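Student: What follows is a single structure, and I will ask about it in a moment.
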Amino acid sequence: MARRSFLTICVLWIVTLLLSLPAHGKEMPEVMFILDASGSMWGKAKDISKMDAAKEVMAKVVPALPNGLGVGLTVYGHRRKGDCNDVEIMIPSGSTDRAGLLSKVKAISPKGMTPMAASVRMVTDALKGREGETTIILVSDGIETCDKDPCATIKKLKKSGIKFILHVVGFGVDQQGRDQLTCFSEAGGGKFFQATDAESLLAALETVKKEVEIKVEEAKTTIVKAQTKLGKLKIAMPESSLKTQGEIKIVRTSDNKVIKNAKPESEGTHPLLAGEYEVILQFNNANYKPASEAPLGRFEVKGGEVTEIRLGAMVLNRAKGLGDAAEAVVILPAGTDKPFVRNDAGGNDYYLWKTKPLPPGTYDLGVVYGRSPDLFKVVKGIVIETGKETVVTLDSGIQLKPNPQIVSWQLTQSGRGECILKVKRRSDNDYPLWKAFPVTPGTYDLVVFLKGMDEALPAGEAIEIKKGEVVLFDPGL
């Protein structure tokens, strides 16, 4: 009779505890049982083993759970002796397979250690990112045998932001066990119950009895979600790339209407009606010249969802004076001649070499000098990654010693004949013939054109340009 009374009280307590679970966001609550299957569970609880008592309680509790309540089962110490890693989630939280859960419980045979903290950690790791709160019910008949400071472990898990409540049932534990398990429940935001003490168990039930009906009704309330027509477009770029940006243009493609000129931010979110939009970056140019536009593409915004555009950045790091003659800096998709964006100096190179936001991909960096329309690719194959800065360093190049006879000169790769750089003077002066020009390390040939001569004059062969060096070349004229 005592045995039946004890089991009945356990069943009533667990059912009442489950019915009193909070309904966050009016979602049906979920519960995860963590059962002790350490060797000590063969000990007696009245006239049967603790393990058999737990199985009988579970056999009564699980079928009586409210419809829609998700359940799960984790067991420790059931497979190997002396193994603190013997923890297994047999049924994930949120399952509706109650028959399968009871089948797993029935087959448990106690063997091993008592890694309670590791069990709670494994369960909470699986709950990361969930919106709803999961109630964990840990049933144990002893103290932790694996973690040196299990209460601190549970406190840390609770502070991590994972949404859970931990209730603990001490199954015939001594004072040391009660103290430790009480610390567990307090750290986990729940309550401790001593299963062998019917009077204290009934007192605990009285404290939750008044909340049971309201909470169950809230959990059972049907939620009908109305689909919003509003979505969000999120545009993110490294902070360092903001200085070169004007407004970001967001264009509705259905009627080609500019819906928003958005301020560039490292994390900018823009509410929009569901639909397709074209997003255009605007790169600032100096002296009040119109911004250079760079289309990012077309993006679908869906109601109730966030469409993300995450950019990387190209950081242009050049040695002092190198590239001062540049009239334009051009960034092109690798291997193409179609610019993604072109920044023009127009007499002021303030924005020319600033960090530039770019979609992930591979690019070439080109430069235009003087009034020549020719574009010369200075660095090829630059990889841009989402959310990261890619530093492009220009620290090697060539500069000619001034000579009044030279009207233009060009640099080619030795043995290949590919023109790397062509520099012409202006009609009224010799700018920019004697400036320093960035060139990637390598071996080059140089020819010059003199006043009154139509043919190129070889002035240097196999000129070696090393990284970090600007070669000052004297044509010897």
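Here, A, B, ... name the chains of the structure tokens in the order displayed, residue numbers run from 1 inside each chain, and ligands are numbered from 1 in the same displayed order.
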So which residues touch stretch 442-455 of chain A within 10 Å, counting only C-alpha atoms, skipping near sequence neighbours fewer than 2 positions away, as a PyMOL selection string?
Tutor: chain A and resi 396-397+403-424+439-440+457-467+473+475+477
Student: Near stretch 370-380 of chain A, within 8 Å and counting only C-alpha atoms, which residues show up once chain neighbours fewer than 3 positions away are dropped, as a PyMOL selection string?
Tutor: chain A and resi 325-327+334+363-367+420-421+423-426+431-432+438-440
Student: What does the structure give for the distance between atom CA of A:Val306 and atom CA of A:Val383, in Å to one decimal?
Tutor: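 For atom CA of A:Val306 relative to atom CA of A:Val383, the distance reads 26.6 Å.
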Student: Could you pull out the residues in stretch 235-434 of chain A that DSSP calls strand (DSSP E or B) from the backbone, as a VMD selection string?
Tutor: chain A and resid 235 to 236 245 248 to 252 257 to 262 267 to 273 275 to 283 292 to 301 306 to 310 312 to 318 322 326 to 333 341 to 344 356 to 358 361 to 369 375 to 384 389 to 394 397 to 400 406 to 413 419 to 424
Student: Any chance you can output those residues with C-alpha atoms as a compact mmCIF listing (two decimals), in the first residue's frame?
Tutor:
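And here is the file that came out, again_5.txt:
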# COMPACT_ATOMS: atom_id res chain seq x y z
CA ILE A 235 22.45 45.69 -45.94
CA ALA A 236 25.69 45.14 -44.00
CA GLN A 245 29.69 55.72 -49.69
CA ILE A 248 22.30 53.52 -51.18
CA LYS A 249 19.59 53.59 -53.82
CA ILE A 250 16.75 51.04 -53.46
CA VAL A 251 14.66 50.80 -56.65
CA ARG A 252 11.39 48.88 -57.04
CA LYS A 257 10.73 53.82 -58.87
CA VAL A 258 13.35 54.82 -56.32
CA ILE A 259 11.70 53.76 -53.06
CA LYS A 260 14.45 54.85 -50.72
CA ASN A 261 17.80 56.59 -50.66
CA ALA A 262 19.26 54.88 -47.63
CA GLU A 267 24.16 47.14 -40.22
CA GLY A 268 21.24 48.87 -41.95
CA THR A 269 17.71 47.43 -42.00
CA HIS A 270 15.03 48.80 -44.33
CA PRO A 271 11.31 47.82 -44.07
CA LEU A 272 9.80 47.34 -47.54
CA LEU A 273 6.66 45.96 -49.12
CA GLY A 275 8.48 42.53 -53.97
CA GLU A 276 11.63 42.71 -56.08
CA TYR A 277 14.13 45.52 -55.64
CA GLU A 278 17.36 46.60 -57.27
CA VAL A 279 20.05 47.84 -54.90
CA ILE A 280 22.63 50.34 -56.15
CA LEU A 281 25.71 51.48 -54.24
CA GLN A 282 26.77 55.09 -54.77
CA PHE A 283 30.49 55.84 -54.46
CA SER A 292 29.60 56.65 -59.26
CA GLU A 293 26.86 54.01 -59.24
CA ALA A 294 27.47 50.27 -58.80
CA PRO A 295 24.41 47.95 -59.05
CA LEU A 296 24.51 45.07 -56.57
CA GLY A 297 21.71 43.20 -58.32
CA ARG A 298 18.04 42.40 -57.81
CA PHE A 299 16.73 41.00 -54.55
CA GLU A 300 13.40 39.48 -53.52
CA VAL A 301 11.84 40.80 -50.29
CA VAL A 306 14.55 39.45 -43.80
CA THR A 307 16.57 39.48 -47.02
CA GLU A 308 20.24 40.05 -46.27
CA ILE A 309 22.96 41.60 -48.42
CA ARG A 310 26.35 41.24 -46.75
CA GLY A 312 33.08 42.75 -47.82
CA ALA A 313 35.57 45.56 -48.40
CA MET A 314 38.73 46.30 -50.35
CA VAL A 315 41.25 48.31 -48.34
CA LEU A 316 43.68 50.19 -50.61
CA ASN A 317 47.01 50.63 -48.87
CA ARG A 318 49.67 52.44 -50.91
CA LEU A 322 52.81 55.97 -55.32
CA ALA A 326 45.92 58.43 -61.00
CA GLU A 327 42.88 60.12 -62.53
CA ALA A 328 40.60 57.17 -61.82
CA VAL A 329 40.58 53.97 -59.76
CA VAL A 330 38.53 51.18 -61.29
CA ILE A 331 37.40 47.88 -59.74
CA LEU A 332 36.37 45.15 -62.19
CA PRO A 333 35.14 41.57 -61.80
CA VAL A 341 32.73 50.83 -60.04
CA ARG A 342 34.93 53.71 -61.23
CA ASN A 343 36.01 56.58 -58.98
CA ASP A 344 37.28 59.69 -60.77
CA LYS A 356 35.43 50.38 -50.87
CA PRO A 357 32.51 48.03 -50.03
CA LEU A 358 32.09 45.17 -52.51
CA GLY A 361 33.82 37.73 -55.30
CA THR A 362 37.13 38.07 -57.14
CA TYR A 363 38.20 41.41 -58.61
CA ASP A 364 40.96 43.20 -60.50
CA LEU A 365 42.16 46.69 -59.53
CA GLY A 366 42.74 49.09 -62.42
CA VAL A 367 44.11 52.63 -62.67
CA VAL A 368 43.72 55.33 -65.33
CA TYR A 369 46.49 57.93 -65.61
CA LEU A 375 43.10 51.40 -68.10
CA PHE A 376 45.96 49.39 -66.59
CA LYS A 377 45.29 46.53 -64.19
CA VAL A 378 47.66 46.95 -61.27
CA VAL A 379 46.54 43.98 -59.12
CA LYS A 380 44.58 40.94 -60.32
CA GLY A 381 42.62 38.22 -58.55
CA ILE A 382 41.67 40.08 -55.36
CA VAL A 383 39.31 37.90 -53.28
CA ILE A 384 36.60 39.73 -51.30
CA GLU A 389 38.41 43.49 -45.20
CA THR A 390 40.84 42.48 -47.93
CA VAL A 391 43.95 44.66 -47.87
CA VAL A 392 45.53 45.46 -51.23
CA THR A 393 49.03 46.88 -50.70
CA LEU A 394 50.69 48.94 -53.41
CA GLY A 397 56.60 50.50 -58.66
CA ILE A 398 58.72 52.55 -61.03
CA GLN A 399 59.61 56.21 -61.52
CA LEU A 400 61.64 57.73 -64.38
CA ILE A 406 61.05 62.10 -73.40
CA VAL A 407 57.44 62.68 -74.46
CA SER A 408 56.07 59.28 -73.43
CA TRP A 409 57.17 55.86 -72.20
CA GLN A 410 55.75 52.41 -71.61
CA LEU A 411 56.49 49.30 -69.58
CA THR A 412 56.01 45.71 -70.77
CA GLN A 413 56.53 42.36 -69.10
CA CYS A 419 51.91 46.39 -71.96
CA ILE A 420 51.63 47.03 -68.23
CA LEU A 421 51.85 50.78 -68.23
CA LYS A 422 51.78 53.59 -70.81
CA VAL A 423 52.44 57.17 -69.74
CA LYS A 424 51.95 60.23 -71.97
Student: Give the answer as one residue: which of A:Ala152, A:Leu311, A:Leu181, A:Val139 has the shortest atom-to-atom distance to A:Ser38, using only C-alpha atoms?
Tutor: A:Val139
Student: Please provide the set of residues having any atom within 9 Å of A:Lys243, restricted to only C-alpha atoms, with same-chain residues fewer than 2 positions apart removed, written as a PyMOL selection string.
Tutor: chain A and resi 239-241+245-246+284+351+354-356
Student: Which neighbours of stretch 97-99 of chain A fall inside 8 Å, counting only C-alpha atoms, when residues of the same chain fewer than 6 positions from it are skipped, and could you give them as JSON, numbers by chain?
Tutor: {"A": [62, 63, 71]}
Student: Nearest to A:Lys155: which of A:Phe193, A:Trp434, A:Phe184, A:Tyr288 is it, counting only C-alpha atoms?
Tutor: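 Closest to A:Lys155 of all the choices is A:Phe184.
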Student: DSSP says helix (DSSP H, G or I) for which residues of stretch 36-192 of chain A? Put them as number ranges by chain?
Tutor: A: 39-42, 50-64, 98-106, 116-127, 150-159, 175-187
Student: Have a look at A:Ala195, A:Met113, A:Val120, A:Met90 and name the one nearest to A:Ala54; count only C-alpha atoms.
Tutor: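 Nearest candidate to A:Ala54 out of A:Ala195, A:Met113, A:Val120, A:Met90: A:Ala195.
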Student: Find the residue from A:Ala64, A:Gly347, A:Asp337, A:Leu233 that sits nearest to A:Asn287; use only C-alpha atoms when measuring.
Tutor: A:Gly347
Student: Compile the contact shell of A:Ser49 as a PDB file with C-alpha atoms, in the first residue's frame: residues with an atom at most 12 Å away, counting only C-alpha atoms, same-chain residues fewer than 2 positions apart removed.
Tutor:
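Output contents, as saved in selection-v2.pdb:
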ATOM      1  CA  ARG A   3       4.471   1.631  -2.502  1.00  0.00           C
ATOM      2  CA  ALA A  37      20.606   5.313 -14.858  1.00  0.00           C
ATOM      3  CA  GLY A  39      24.454   1.969 -10.788  1.00  0.00           C
ATOM      4  CA  SER A  40      22.906   3.283  -7.573  1.00  0.00           C
ATOM      5  CA  MET A  41      19.463   3.266  -9.217  1.00  0.00           C
ATOM      6  CA  TRP A  42      19.329  -0.453  -8.364  1.00  0.00           C
ATOM      7  CA  GLY A  43      18.891   0.703  -4.739  1.00  0.00           C
ATOM      8  CA  LYS A  44      15.534   0.300  -3.073  1.00  0.00           C
ATOM      9  CA  ALA A  45      12.651   2.788  -2.994  1.00  0.00           C
ATOM     10  CA  LYS A  46      10.214   1.164  -0.575  1.00  0.00           C
ATOM     11  CA  ASP A  47       9.898  -2.429  -1.857  1.00  0.00           C
ATOM     12  CA  MET A  51      14.790   2.325 -11.476  1.00  0.00           C
ATOM     13  CA  ASP A  52      11.625   0.207 -11.498  1.00  0.00           C
ATOM     14  CA  ALA A  53       9.799   2.924  -9.569  1.00  0.00           C
ATOM     15  CA  ALA A  54      10.907   5.513 -12.109  1.00  0.00           C
ATOM     16  CA  LYS A  55       9.723   3.288 -14.974  1.00  0.00           C
ATOM     17  CA  GLU A  56       6.296   2.821 -13.369  1.00  0.00           C
ATOM     18  CA  SER A 109      19.480  -0.891 -17.248  1.00  0.00           C
ATOM     19  CA  PRO A 110      21.529   1.132 -14.728  1.00  0.00           C
ATOM     20  CA  ASP A 141      19.244   9.560  -6.690  1.00  0.00           C
ATOM     21  CA  PHE A 171      15.085  10.374  -5.380  1.00  0.00           C
ATOM     22  CA  GLY A 172      15.892   9.269  -1.848  1.00  0.00           C
TER      23      GLY A 172
END
